[in-house]
Structures are given as C-alpha cells and as structure tokens.
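Have a look at model24.txt; it's compact mmCIF, C-alpha atoms:
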```
# COMPACT_ATOMS: atom_id res chain seq x y z
CA MET A 1 39.00 2.17 8.57
CA THR A 2 40.52 1.39 5.17
CA GLU A 3 43.24 -0.60 6.88
CA ASP A 4 40.61 -2.62 8.64
CA ARG A 5 38.87 -3.12 5.38
CA ASN A 6 42.06 -4.22 3.64
CA SER A 7 42.94 -6.70 6.32
CA PHE A 8 39.40 -8.02 6.25
CA ASP A 9 39.53 -8.47 2.49
CA GLU A 10 42.82 -10.24 2.83
CA ARG A 11 41.50 -12.61 5.46
CA LEU A 12 38.37 -13.21 3.42
CA ARG A 13 40.44 -14.10 0.39
CA ALA A 14 42.61 -16.44 2.44
CA ALA A 15 39.53 -18.09 3.90
CA GLN A 16 37.93 -18.48 0.47
CA LYS A 17 41.09 -20.04 -0.87
CA ARG A 18 41.17 -22.46 2.02
CA VAL A 19 37.58 -23.47 1.46
CA ALA A 20 38.09 -23.80 -2.29
CA VAL A 21 41.05 -26.12 -1.78
CA GLU A 22 39.30 -28.24 0.78
CA GLN A 23 36.07 -28.70 -1.08
CA PRO A 24 37.07 -31.11 -3.84
CA LYS A 25 38.62 -33.45 -1.29
CA THR A 26 35.48 -33.91 0.78
CA GLY A 27 32.38 -35.32 -0.78
CA LYS A 28 33.80 -36.38 -4.10
CA PRO A 29 34.28 -40.12 -3.53
CA ASP A 30 30.84 -40.19 -1.95
CA GLU A 31 29.40 -38.46 -4.99
CA GLU A 32 31.09 -40.94 -7.32
CA ASP A 33 29.84 -43.91 -5.33
CA ARG A 34 26.36 -42.57 -5.41
CA SER A 35 26.31 -41.88 -9.10
CA LEU A 36 27.76 -45.34 -9.77
CA LEU A 37 25.00 -46.99 -7.77
CA SER A 38 22.31 -44.87 -9.41
CA LEU A 39 23.85 -45.56 -12.82
CA ALA A 40 23.72 -49.30 -12.24
CA SER A 41 20.06 -49.21 -11.24
CA ARG A 42 19.25 -46.87 -14.13
CA ALA A 43 20.96 -48.94 -16.82
CA GLY A 44 19.33 -52.15 -15.59
CA SER A 45 15.84 -50.75 -15.43
CA GLU A 46 16.15 -49.01 -18.81
CA MET A 47 16.89 -52.32 -20.52
CA LEU A 48 14.14 -54.10 -18.65
CA GLY A 49 11.68 -51.28 -19.29
CA GLY A 50 12.23 -51.37 -23.05
CA LEU A 51 11.71 -55.11 -23.18
CA VAL A 52 8.59 -54.98 -21.00
CA VAL A 53 6.99 -52.29 -23.16
CA GLY A 54 7.89 -54.20 -26.33
CA VAL A 55 6.40 -57.46 -25.08
CA LEU A 56 3.25 -55.75 -23.81
CA ALA A 57 2.75 -53.85 -27.08
CA GLY A 58 3.30 -56.99 -29.14
CA TRP A 59 0.94 -59.01 -26.99
CA ALA A 60 -1.75 -56.33 -27.27
CA VAL A 61 -1.43 -56.11 -31.05
CA ASP A 62 -1.59 -59.91 -31.32
CA ARG A 63 -4.76 -60.00 -29.26
CA TRP A 64 -6.28 -57.18 -31.22
CA PHE A 65 -5.69 -58.66 -34.68
CA HIS A 66 -5.91 -62.32 -33.59
CA PHE A 67 -2.38 -63.25 -34.51
CA ARG A 68 -0.72 -66.06 -32.65
CA ALA A 69 2.64 -64.54 -31.73
CA LEU A 70 3.91 -62.69 -34.80
CA PHE A 71 3.86 -59.19 -33.34
CA LEU A 72 4.98 -60.41 -29.93
CA VAL A 73 8.22 -61.61 -31.53
CA ILE A 74 8.69 -58.45 -33.60
CA PHE A 75 7.91 -56.03 -30.78
CA ALA A 76 9.99 -57.94 -28.24
CA LEU A 77 12.99 -57.53 -30.54
CA LEU A 78 12.21 -53.86 -31.14
CA GLY A 79 11.65 -53.27 -27.43
CA GLY A 80 14.94 -54.94 -26.57
CA SER A 81 16.70 -52.69 -29.09
CA ALA A 82 14.92 -49.67 -27.58
CA GLY A 83 16.22 -50.67 -24.16
CA ILE A 84 19.77 -50.98 -25.46
CA LEU A 85 19.38 -47.64 -27.25
CA ASN A 86 18.35 -46.05 -23.93
CA VAL A 87 21.40 -47.47 -22.16
CA TRP A 88 23.63 -46.26 -24.98
CA ARG A 89 22.17 -42.75 -24.69
CA LEU A 90 22.68 -42.84 -20.92
CA MET A 91 26.35 -43.70 -21.41
CA GLN A 92 26.74 -40.98 -24.05
CA SER A 93 25.32 -38.31 -21.76
CA LEU A 94 27.68 -39.52 -19.06
CA GLU A 95 30.68 -39.30 -21.35
CA ARG A 96 29.71 -35.77 -22.36
CA LYS A 97 29.50 -34.81 -18.70
CA ASN A 98 32.91 -36.31 -17.99
CA LYS A 99 34.45 -34.38 -20.86
CA GLU A 100 32.99 -31.10 -19.63
CA SER A 101 34.34 -31.42 -16.11
CA MET B 1 13.19 -74.43 7.13
CA ALA B 2 12.29 -77.69 8.80
CA LEU B 3 14.78 -76.85 11.53
CA ALA B 4 12.80 -73.84 12.58
CA GLY B 5 9.94 -76.05 13.69
CA GLY B 6 7.42 -75.55 10.91
CA SER B 7 7.77 -71.80 10.55
CA SER B 8 8.67 -70.96 6.98
CA ILE B 9 9.98 -67.82 5.36
CA ASN B 10 7.26 -65.86 3.67
CA VAL B 11 9.04 -62.78 2.47
CA LEU B 12 6.21 -61.36 0.40
CA GLU B 13 3.72 -61.36 3.25
CA GLN B 14 4.94 -57.94 4.34
CA PHE B 15 3.72 -56.36 1.10
CA GLU B 16 0.12 -57.53 1.50
CA LEU B 17 -2.56 -54.93 1.96
CA HIS B 18 -5.16 -55.29 4.66
CA PRO B 19 -8.13 -53.05 5.36
CA ILE B 20 -7.67 -51.16 8.60
CA PHE B 21 -9.79 -48.96 10.89
CA GLY B 22 -12.38 -51.72 11.33
CA GLY B 23 -15.70 -51.53 9.49
CA LEU B 24 -15.19 -48.06 8.13
CA GLY B 25 -11.87 -49.01 6.57
CA GLU B 26 -13.45 -52.17 5.18
CA ALA B 27 -16.21 -50.16 3.52
CA LEU B 28 -13.80 -47.64 2.04
CA ARG B 29 -11.19 -50.32 1.09
CA PHE B 30 -8.77 -48.27 3.16
CA SER B 31 -5.51 -50.17 3.60
CA GLN B 32 -2.09 -49.39 5.09
CA ALA B 33 -0.73 -47.86 1.89
CA PRO B 34 -2.98 -44.78 1.78
CA VAL B 35 -2.54 -44.32 5.53
CA PHE B 36 1.21 -44.11 5.12
CA MET B 37 0.83 -41.84 2.09
CA VAL B 38 -1.16 -39.43 4.25
CA VAL B 39 1.44 -39.78 7.03
CA ALA B 40 4.25 -39.06 4.54
CA CYS B 41 2.47 -35.94 3.27
CA LEU B 42 1.82 -34.75 6.83
CA ILE B 43 5.46 -35.28 7.82
CA VAL B 44 6.74 -33.29 4.86
CA LEU B 45 4.20 -30.50 5.39
CA ALA B 46 4.88 -30.38 9.14
CA PHE B 47 8.63 -30.30 8.51
CA LEU B 48 8.28 -27.34 6.17
CA HIS B 49 5.67 -25.57 8.31
CA PHE B 50 7.48 -25.83 11.64
CA GLY B 51 10.86 -25.40 9.98
CA MET B 52 9.91 -22.11 8.38
CA LYS B 53 7.75 -20.83 11.23
CA PRO B 54 10.52 -18.77 12.90
CA ALA B 55 11.38 -17.22 9.49
CA ALA B 56 14.59 -15.98 11.06
CA VAL B 57 17.32 -14.22 9.08
CA VAL B 58 19.84 -16.46 10.81
CA PRO B 59 18.13 -19.86 10.66
CA GLY B 60 18.02 -22.38 13.46
CA ARG B 61 18.68 -26.06 12.84
CA LEU B 62 15.24 -27.04 11.62
CA GLN B 63 14.90 -23.95 9.48
CA ALA B 64 18.35 -24.51 8.01
CA ALA B 65 17.35 -28.09 7.17
CA ALA B 66 14.15 -26.91 5.49
CA GLU B 67 16.06 -24.28 3.54
CA ILE B 68 18.70 -26.77 2.43
CA CYS B 69 15.97 -29.09 1.15
CA TYR B 70 14.31 -26.25 -0.71
CA GLU B 71 17.56 -25.07 -2.27
CA PHE B 72 18.68 -28.60 -3.16
CA ILE B 73 15.59 -29.29 -5.24
CA HIS B 74 15.50 -25.75 -6.59
CA ASN B 75 19.08 -26.07 -7.86
CA LEU B 76 18.33 -29.51 -9.24
CA ALA B 77 15.34 -28.21 -11.18
CA VAL B 78 16.97 -25.02 -12.47
CA ASP B 79 20.33 -26.62 -13.31
CA THR B 80 18.75 -29.49 -15.21
CA ILE B 81 15.74 -27.91 -16.89
CA GLY B 82 17.02 -24.34 -17.24
CA PRO B 83 15.23 -21.11 -16.35
CA GLU B 84 11.87 -22.76 -17.11
CA GLY B 85 12.63 -25.13 -14.25
CA THR B 86 11.18 -22.77 -11.65
CA ALA B 87 7.72 -23.47 -13.06
CA PHE B 88 8.12 -27.21 -12.37
CA PHE B 89 9.94 -26.81 -9.07
CA PRO B 90 6.85 -27.36 -6.82
CA PHE B 91 6.00 -30.55 -8.68
CA ILE B 92 9.52 -31.95 -8.42
CA PHE B 93 9.79 -30.92 -4.77
CA ALA B 94 6.53 -32.68 -3.91
CA LEU B 95 7.53 -35.77 -5.90
CA PHE B 96 10.99 -36.06 -4.32
CA PHE B 97 9.86 -35.62 -0.73
CA PHE B 98 6.79 -37.83 -1.11
CA ILE B 99 8.98 -40.70 -2.38
CA LEU B 100 11.73 -40.01 0.16
CA ALA B 101 9.27 -39.94 3.06
CA GLY B 102 7.66 -43.14 1.78
CA ASN B 103 10.99 -44.93 1.47
CA TYR B 104 12.14 -43.87 4.92
CA LEU B 105 8.80 -44.52 6.63
CA GLY B 106 9.00 -48.08 5.36
CA LEU B 107 12.22 -48.63 7.31
CA LEU B 108 10.46 -48.12 10.64
CA PRO B 109 9.16 -51.23 12.40
CA TYR B 110 5.39 -51.88 12.03
CA SER B 111 5.18 -49.45 9.12
CA TYR B 112 4.38 -50.07 5.48
CA THR B 113 6.38 -49.11 2.39
CA PHE B 114 3.90 -47.81 -0.14
CA THR B 115 6.68 -47.30 -2.72
CA SER B 116 7.08 -51.09 -2.83
CA HIS B 117 3.89 -51.40 -4.89
CA ILE B 118 4.17 -51.04 -8.64
CA ALA B 119 0.66 -49.58 -8.74
CA VAL B 120 1.89 -46.62 -6.70
CA THR B 121 5.20 -46.11 -8.50
CA PHE B 122 3.59 -46.57 -11.92
CA ALA B 123 0.94 -43.97 -11.07
CA LEU B 124 3.69 -41.54 -10.07
CA ALA B 125 5.65 -42.31 -13.25
CA MET B 126 2.56 -41.91 -15.45
CA MET B 127 1.96 -38.52 -13.86
CA VAL B 128 5.47 -37.46 -14.87
CA PHE B 129 5.09 -39.01 -18.33
CA LEU B 130 1.75 -37.36 -19.10
CA LEU B 131 3.01 -34.02 -17.81
CA SER B 132 6.06 -34.25 -20.08
CA ILE B 133 3.85 -35.07 -23.10
CA VAL B 134 1.48 -32.18 -22.36
CA VAL B 135 4.39 -29.77 -21.91
CA SER B 136 6.07 -31.04 -25.12
CA LEU B 137 2.90 -30.56 -27.16
CA LYS B 138 2.35 -27.11 -25.70
CA VAL B 139 5.93 -25.92 -26.25
CA GLN B 140 6.85 -27.69 -29.48
CA GLY B 141 3.47 -28.30 -31.07
CA PHE B 142 3.47 -30.94 -33.79
CA LYS B 143 7.24 -30.67 -34.16
CA PHE B 144 7.29 -32.95 -31.12
CA PHE B 145 6.51 -35.93 -33.35
CA ALA B 146 9.58 -35.21 -35.46
CA HIS B 147 11.68 -36.45 -32.52
CA PHE B 148 10.63 -40.00 -33.33
CA MET B 149 12.78 -39.91 -36.47
CA PRO B 150 16.44 -39.33 -35.58
CA ALA B 151 17.91 -36.47 -37.59
CA GLY B 152 20.31 -37.46 -40.34
CA ALA B 153 19.21 -41.09 -40.55
CA PRO B 154 18.46 -42.42 -44.04
CA MET B 155 14.77 -42.55 -44.94
CA LEU B 156 15.11 -46.23 -45.78
CA LEU B 157 15.63 -47.09 -42.14
CA ALA B 158 12.55 -45.19 -40.95
CA PRO B 159 10.29 -48.27 -40.64
CA LEU B 160 12.85 -49.74 -38.23
CA LEU B 161 13.92 -46.63 -36.36
CA VAL B 162 10.55 -45.01 -35.74
CA PRO B 163 9.06 -47.99 -33.85
CA ILE B 164 12.25 -48.28 -31.79
CA GLU B 165 12.13 -44.59 -30.91
CA ILE B 166 8.45 -44.80 -30.00
CA LEU B 167 9.05 -47.86 -27.83
CA SER B 168 12.03 -46.16 -26.21
CA PHE B 169 9.81 -43.18 -25.43
CA LEU B 170 7.02 -45.38 -24.07
CA SER B 171 9.48 -47.34 -21.92
CA ARG B 172 10.20 -44.26 -19.81
CA PRO B 173 7.36 -44.56 -17.28
CA VAL B 174 7.85 -48.34 -17.14
CA SER B 175 11.56 -48.17 -16.34
CA LEU B 176 10.96 -45.27 -13.94
CA SER B 177 8.39 -47.24 -11.96
CA ILE B 178 10.16 -50.61 -12.12
CA ARG B 179 13.36 -49.09 -10.75
CA LEU B 180 11.80 -47.59 -7.63
CA PHE B 181 9.52 -50.56 -6.98
CA ALA B 182 12.22 -53.19 -7.52
CA ASN B 183 14.71 -51.42 -5.28
CA MET B 184 12.26 -51.11 -2.42
CA VAL B 185 11.00 -54.69 -2.74
CA ALA B 186 14.53 -56.12 -2.95
CA GLY B 187 15.63 -54.21 0.15
CA HIS B 188 12.67 -55.30 2.26
CA VAL B 189 12.87 -58.91 1.10
CA MET B 190 16.52 -58.98 2.19
CA PHE B 191 15.57 -57.57 5.59
CA ASP B 192 12.97 -60.28 6.00
CA ILE B 193 15.28 -63.11 4.93
CA PHE B 194 18.10 -62.15 7.27
CA ALA B 195 15.71 -61.45 10.14
CA SER B 196 14.16 -64.89 9.79
CA PHE B 197 17.67 -66.41 9.74
CA VAL B 198 18.18 -64.82 13.16
CA VAL B 199 14.99 -66.37 14.50
CA MET B 200 15.76 -69.79 13.01
CA LEU B 201 19.31 -69.87 14.35
CA ALA B 202 18.21 -68.68 17.78
CA SER B 203 15.95 -71.71 18.12
CA LEU B 204 18.97 -74.05 17.79
CA GLY B 205 20.31 -73.48 21.30
CA PHE B 206 23.58 -71.95 22.41
CA ILE B 207 25.57 -72.39 19.17
CA GLY B 208 22.64 -70.99 17.25
CA ASP B 209 22.58 -67.95 19.51
CA VAL B 210 26.23 -67.29 18.71
CA LEU B 211 25.75 -67.83 14.98
CA ALA B 212 22.63 -65.64 14.94
CA VAL B 213 24.84 -62.60 15.52
CA GLY B 214 25.99 -62.87 11.87
CA PRO B 215 22.65 -62.19 10.14
CA LEU B 216 21.83 -59.60 12.81
CA VAL B 217 24.97 -57.65 11.92
CA ILE B 218 24.14 -58.00 8.23
CA ASN B 219 20.68 -56.57 8.90
CA VAL B 220 22.19 -53.56 10.65
CA ALA B 221 24.45 -52.99 7.65
CA LEU B 222 21.48 -53.47 5.32
CA MET B 223 19.63 -50.74 7.18
CA GLY B 224 22.49 -48.39 6.34
CA LEU B 225 22.36 -49.47 2.70
CA GLU B 226 18.60 -48.98 2.59
CA LEU B 227 18.98 -45.45 3.96
CA LEU B 228 21.27 -44.74 1.00
CA VAL B 229 19.03 -46.50 -1.50
CA GLY B 230 15.95 -44.66 -0.23
CA VAL B 231 17.38 -41.21 -0.83
CA LEU B 232 19.13 -42.32 -4.03
CA GLN B 233 15.98 -43.68 -5.66
CA ALA B 234 14.02 -40.56 -4.74
CA TYR B 235 16.85 -38.50 -6.23
CA VAL B 236 16.97 -40.58 -9.42
CA PHE B 237 13.21 -40.26 -9.81
CA ALA B 238 13.42 -36.50 -9.37
CA ILE B 239 16.37 -36.01 -11.71
CA LEU B 240 14.84 -38.17 -14.43
CA THR B 241 11.66 -36.10 -14.15
CA CYS B 242 13.86 -33.04 -14.65
CA ILE B 243 15.57 -34.60 -17.66
CA TYR B 244 12.27 -35.52 -19.31
CA LEU B 245 10.90 -32.04 -18.68
CA ARG B 246 14.07 -30.48 -20.08
CA GLU B 247 13.58 -32.44 -23.30
CA ALA B 248 9.97 -31.24 -23.29
CA VAL B 249 10.72 -27.53 -22.94
CA SER B 250 13.72 -27.48 -25.31
CA HIS B 251 13.00 -27.20 -29.00
```
Here is a file; write its structure as structure tokens.
Amino acid sequence: MTEDRNSFDERLRAAQKRVAVEQPKTGKPDEEDRSLLSLASRAGSEMLGGLVVGVLAGWAVDRWFHFRALFLVIFALLGGSAGILNVWRLMQSLERKNKES
Amino acid sequence: MALAGGSSINVLEQFELHPIFGGLGEALRFSQAPVFMVVACLIVLAFLHFGMKPAAVVPGRLQAAAEICYEFIHNLAVDTIGPEGTAFFPFIFALFFFILAGNYLGLLPYSYTFTSHIAVTFALAMMVFLLSIVVSLKVQGFKFFAHFMPAGAPMLLAPLLVPIEILSFLSRPVSLSIRLFANMVAGHVMFDIFASFVVMLASLGFIGDVLAVGPLVINVALMGLELLVGVLQAYVFAILTCIYLREAVSH
C-alpha cells in the first residue's frame, strides 16, 4: 500500500513537473499578441476620449455663459492633456506589471 | 464604382435601424437592435442553463465550457478587484457575455451588431461609470474627492491639475464606449468594402472572376480577425470595469 502510494506520488510529481515546464511555452505568444492589440486600442481610445470630453465640456460652458470659444480652447487643451495623462498611466501600470513578472 | 453598373458602395447602410414585426414593431419603435439584444441574452442564459443542467461531478463538454466561462470571469474579478470582487462578479459576468454575444451575433449573415451603436456602448459604459461612482462614495465617502488632487503636487499647480484630473475621470465612459463602438464599426465596414469589391470584380467577366478571389480571401481572413477582436473588446470592457471598481473599493 505505501509502496503504491510512493510510486503514485513520484509519478504525480513527475507529471506536475512536465506540465509546469510545458505551460510557459504554449499560450504565451498568443497572450502577448492579444495584450498588444488590446493595448493599442486602449491607448488610442484613451487619448480620443480625453479630447472628446474636453471639447464637449468647453462647448457646453461656452453655450452656458455665452462665450464665443474661450472655454472650448481651454478645455480642449486640458482634455488633450487628460488623454495623454491617461495613456501615461496605462504605460506605467504596464511597466509595473512587467517588473513584477 | 461606375464599373459596377451604377451600384455604389454604401458601407453605413448596414448600421441603419428599421422597425420590424410589422405594425406592432412600428408602434413600439422596435428595431433590430433590441431583438438581437434579447437573442444575445437568451443565448447566454440558455448556454448556462443547459450547460449546468446535468450538474455532474465530472462535467461533459457543454458543462465544462460553462464552468470555464464562470471561472474565467470569477478569476478576472477576484484577481483584479480583490476579495470584494465576488460582489461585482455577476455584473461583470453579465456585461462580458452580453457584449461577447452581441459581437459574435453580428458576424452571422442577416444579423445585426448592436454593439456597433454608440448609444448602446455609451449606455453600458455609463452604467459602469455610475456604479463606480456610487461604490466610491459609499466606500470612501468624501475622501473620494481628494483623488482629484494628486498627492505631493504643489498647491500652486492645483488650478491646472484638478481640471485635468476631473476631465481624465470623466473621459472614462467616453473612451470605454468609443473603443467598443469604433472597433465593431471598423470591422463591419471592412467586411462590406471587401464584399462589394467581390461583386464589382465578378461583373467584369472572366478576369474579374479570377481577381475576385483576392478580396474574398481577405474577407475570410477578416472574419478570423473579427472573431479575435470580438472577444478582445469584450475582455477589455470587462477588465476596465474591474480596474475602475478596484479603484472604487480601495482607499
């Protein structure tokens, strides 16, 4: 009985080792491709999103207070900076993740 | 376009909404989009219901698929948000599979992609955004507003930094919705363009028939790309929801 158990444990360990070695090989390039594609779409839309919100906010404030385009200009600049800030944060979180792994 | 004998490419026609189901649909303003939303919900519910019906200890194929889906989203929620993630798991699960089913349903002929409308994606994104605000206010109280001033920045820069932070916060639902909507629209427009190339070239006679194989092959490859993009955009939507909720529950 104990012999059986020992041989089973041994085989289990061998099998686990085999699986552990094989795992990083499969799936990793796919994972990287995927995250690259998702990163590209994320970075693009973050920049665009910031600008859109800035322009909309500026336009609304202009309409509200009957300015011609003063706040549109200011908020478009601020919104563009917000978009770039978002992309910068995205890259920072990515770098942190790379360092951990 | 003149070569094709008067038929022109109208790539945006496929996104138009028409009332269906005759007079009743007309009265209710019931178009294809809600129909396919209902179909998407039914598919997901049927998949889970019939998948988990055997409730076997050793799962069959369908049950294994349902369990993998459950565990995938569960791990996503718990790994990203933390232990509080279990509370939001049903929401994220519903969101992911609703978007995924919508993206994939749109790839079938004669169907309609409801995720290609910014009204739909923006409503989904606003749901996430409002939820994250409510959770932030509940967990953090008024300390939530302190996030709009980055820690350690000089007070002199506050008039510049606070508006930028507020705009960056407000841009979340916009970028979330634009990303999903733009990806779906771009994919379907490309399908339409290459498909109409096939039709145009086929009307040119024998040489056209031979040349028409090119865009046809590209369309097949595009279908593969769209299968990837469909699951990827649903995943990005779900993981960003998780990230926003993590920021909401953390102090």
Within 10 Å of B:Met126, counting all atoms listed in the file, which residues show up once you throw out same-chain ones fewer than 5 positions away? Write them as a list in words, please.
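Everything that qualifies: Val120, Thr121, Leu131, Ser132, Arg172, Pro173, Val174, Leu176 and Ser177 of chain B.
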Prev. selection, C-alpha atoms, output as a compact mmCIF listing (two decimals), keeping the file's coordinate frame:
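Writing the result to result-v1.txt gives the following:
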```txt
# COMPACT_ATOMS: atom_id res chain seq x y z
CA VAL B 120 1.89 -46.62 -6.70
CA THR B 121 5.20 -46.11 -8.50
CA LEU B 131 3.01 -34.02 -17.81
CA SER B 132 6.06 -34.25 -20.08
CA ARG B 172 10.20 -44.26 -19.81
CA PRO B 173 7.36 -44.56 -17.28
CA VAL B 174 7.85 -48.34 -17.14
CA LEU B 176 10.96 -45.27 -13.94
CA SER B 177 8.39 -47.24 -11.96
```
Within 8 Å of chain B, which residues belong to chain A? Use all atoms listed in the file and report them as a compact mmCIF listing (two decimals) with C-alpha atoms, in the coordinates of the input.
```txt
# COMPACT_ATOMS: atom_id res chain seq x y z
CA ARG A 34 26.36 -42.57 -5.41
CA SER A 38 22.31 -44.87 -9.41
CA SER A 41 20.06 -49.21 -11.24
CA ARG A 42 19.25 -46.87 -14.13
CA SER A 45 15.84 -50.75 -15.43
CA GLU A 46 16.15 -49.01 -18.81
CA MET A 47 16.89 -52.32 -20.52
CA LEU A 48 14.14 -54.10 -18.65
CA GLY A 49 11.68 -51.28 -19.29
CA GLY A 50 12.23 -51.37 -23.05
CA VAL A 52 8.59 -54.98 -21.00
CA VAL A 53 6.99 -52.29 -23.16
CA GLY A 54 7.89 -54.20 -26.33
CA LEU A 78 12.21 -53.86 -31.14
CA GLY A 79 11.65 -53.27 -27.43
CA SER A 81 16.70 -52.69 -29.09
CA ALA A 82 14.92 -49.67 -27.58
CA GLY A 83 16.22 -50.67 -24.16
CA LEU A 85 19.38 -47.64 -27.25
CA ASN A 86 18.35 -46.05 -23.93
```
Given the choices A:Ile84, A:Ala43, A:Ala14, A:Val55, which gets closest to A:Leu70 if the distance is worked out from only C-alpha atoms?
A:Val55
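Straight-line separation from atom CA of B:Tyr70 to atom CA of B:Met127: 21.8 Å.
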Which distance in Å separates atom CA of B:Gly230 and atom CA of B:Tyr104, to one decimal?
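Interatomic distance here is 6.5 Å.
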Work out how far atom CA of B:Met190 is from atom CA of B:Val213, in Å to one decimal.
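Between atom CA of B:Val213 and atom CA of B:Met190 the gap is 16.1 Å.
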Would you mind telling me which residue in B:Ala119, B:Leu156, B:Leu225, B:Val198 lies nearest to B:Val210 when using all atoms listed in the file?
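Checking each candidate against B:Val210, we get B:Val198 as the closest.
Among B:Phe114, B:Ala186, B:Met52, B:Thr80, the residue with the shortest atom-to-atom distance to B:Ser31, counting all atoms listed in the file, is B:Phe114.
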Which residues are close to B:Ala94, i.e. within 10 Å by all atoms listed in the file, leaving aside same-chain residues fewer than 4 positions away? Reply as an NGL selection string.
:B and (41 or 44-45 or 73 or 89-90 or 98-100 or 238)
Which residues, protein or nucleic acid, reach to within 8 Å of (16.0, -30.1, -14.6) in the file's coordinates when using all atoms listed in the file, and can you give that as a short mmCIF file (atom, residue, chain, number, x, y, z; two decimals) with C-alpha atoms, in the coordinates of the input?
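Saved to selection06.cif:
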```cif
data_model
loop_
_atom_site.label_atom_id
_atom_site.label_comp_id
_atom_site.auth_asym_id
_atom_site.auth_seq_id
_atom_site.Cartn_x
_atom_site.Cartn_y
_atom_site.Cartn_z
CA LEU B 76 18.33 -29.51 -9.24
CA ALA B 77 15.34 -28.21 -11.18
CA VAL B 78 16.97 -25.02 -12.47
CA ASP B 79 20.33 -26.62 -13.31
CA THR B 80 18.75 -29.49 -15.21
CA ILE B 81 15.74 -27.91 -16.89
CA GLY B 82 17.02 -24.34 -17.24
CA GLY B 85 12.63 -25.13 -14.25
CA ILE B 239 16.37 -36.01 -11.71
CA THR B 241 11.66 -36.10 -14.15
CA CYS B 242 13.86 -33.04 -14.65
CA ILE B 243 15.57 -34.60 -17.66
CA LEU B 245 10.90 -32.04 -18.68
CA ARG B 246 14.07 -30.48 -20.08
#
```
Kindly output stretch 29-45 of chain B as a CSV table (one decimal), in the frame of the given file, after building N, CA, C and O atoms.
```csv
chain,number,residue,atom,x,y,z
B,29,ARG,N,-12.4,-49.6,1.6
B,29,ARG,CA,-11.2,-50.3,1.1
B,29,ARG,C,-9.9,-49.5,1.5
B,29,ARG,O,-9.1,-49.3,0.6
B,30,PHE,N,-9.9,-49.1,2.7
B,30,PHE,CA,-8.8,-48.3,3.2
B,30,PHE,C,-7.7,-49.1,3.8
B,30,PHE,O,-7.9,-49.7,4.8
B,31,SER,N,-6.5,-49.3,3.1
B,31,SER,CA,-5.5,-50.2,3.6
B,31,SER,C,-4.3,-49.4,4.2
B,31,SER,O,-4.4,-48.1,4.3
B,32,GLN,N,-3.2,-50.1,4.5
B,32,GLN,CA,-2.1,-49.4,5.1
B,32,GLN,C,-1.5,-48.4,4.1
B,32,GLN,O,-1.0,-47.4,4.6
B,33,ALA,N,-1.5,-48.7,2.8
B,33,ALA,CA,-0.7,-47.9,1.9
B,33,ALA,C,-1.2,-46.4,1.9
B,33,ALA,O,-0.4,-45.5,2.1
B,34,PRO,N,-2.5,-46.2,1.7
B,34,PRO,CA,-3.0,-44.8,1.8
B,34,PRO,C,-2.7,-44.1,3.1
B,34,PRO,O,-2.5,-42.9,3.2
B,35,VAL,N,-2.8,-44.9,4.2
B,35,VAL,CA,-2.5,-44.3,5.5
B,35,VAL,C,-1.1,-43.8,5.6
B,35,VAL,O,-0.9,-42.6,6.0
B,36,PHE,N,-0.2,-44.6,5.1
B,36,PHE,CA,1.2,-44.1,5.1
B,36,PHE,C,1.5,-43.0,4.1
B,36,PHE,O,2.4,-42.2,4.3
B,37,MET,N,0.7,-43.0,3.0
B,37,MET,CA,0.8,-41.8,2.1
B,37,MET,C,0.4,-40.6,2.8
B,37,MET,O,1.1,-39.5,2.7
B,38,VAL,N,-0.7,-40.6,3.5
B,38,VAL,CA,-1.2,-39.4,4.2
B,38,VAL,C,-0.1,-39.0,5.3
B,38,VAL,O,0.2,-37.9,5.5
B,39,VAL,N,0.4,-40.1,6.0
B,39,VAL,CA,1.4,-39.8,7.0
B,39,VAL,C,2.7,-39.1,6.4
B,39,VAL,O,3.2,-38.1,6.9
B,40,ALA,N,3.1,-39.6,5.2
B,40,ALA,CA,4.2,-39.1,4.5
B,40,ALA,C,4.0,-37.6,4.2
B,40,ALA,O,4.8,-36.7,4.4
B,41,CYS,N,2.8,-37.3,3.6
B,41,CYS,CA,2.5,-35.9,3.3
B,41,CYS,C,2.5,-35.1,4.5
B,41,CYS,O,3.0,-33.9,4.5
B,42,LEU,N,1.9,-35.6,5.6
B,42,LEU,CA,1.8,-34.8,6.8
B,42,LEU,C,3.2,-34.5,7.4
B,42,LEU,O,3.5,-33.4,7.8
B,43,ILE,N,4.1,-35.5,7.3
B,43,ILE,CA,5.5,-35.3,7.8
B,43,ILE,C,6.2,-34.2,7.0
B,43,ILE,O,6.8,-33.3,7.6
B,44,VAL,N,6.1,-34.3,5.7
B,44,VAL,CA,6.7,-33.3,4.9
B,44,VAL,C,6.2,-31.9,5.1
B,44,VAL,O,6.9,-30.9,5.3
B,45,LEU,N,4.8,-31.8,5.2
B,45,LEU,CA,4.2,-30.5,5.4
B,45,LEU,C,4.6,-30.0,6.8
B,45,LEU,O,4.9,-28.8,6.9
```
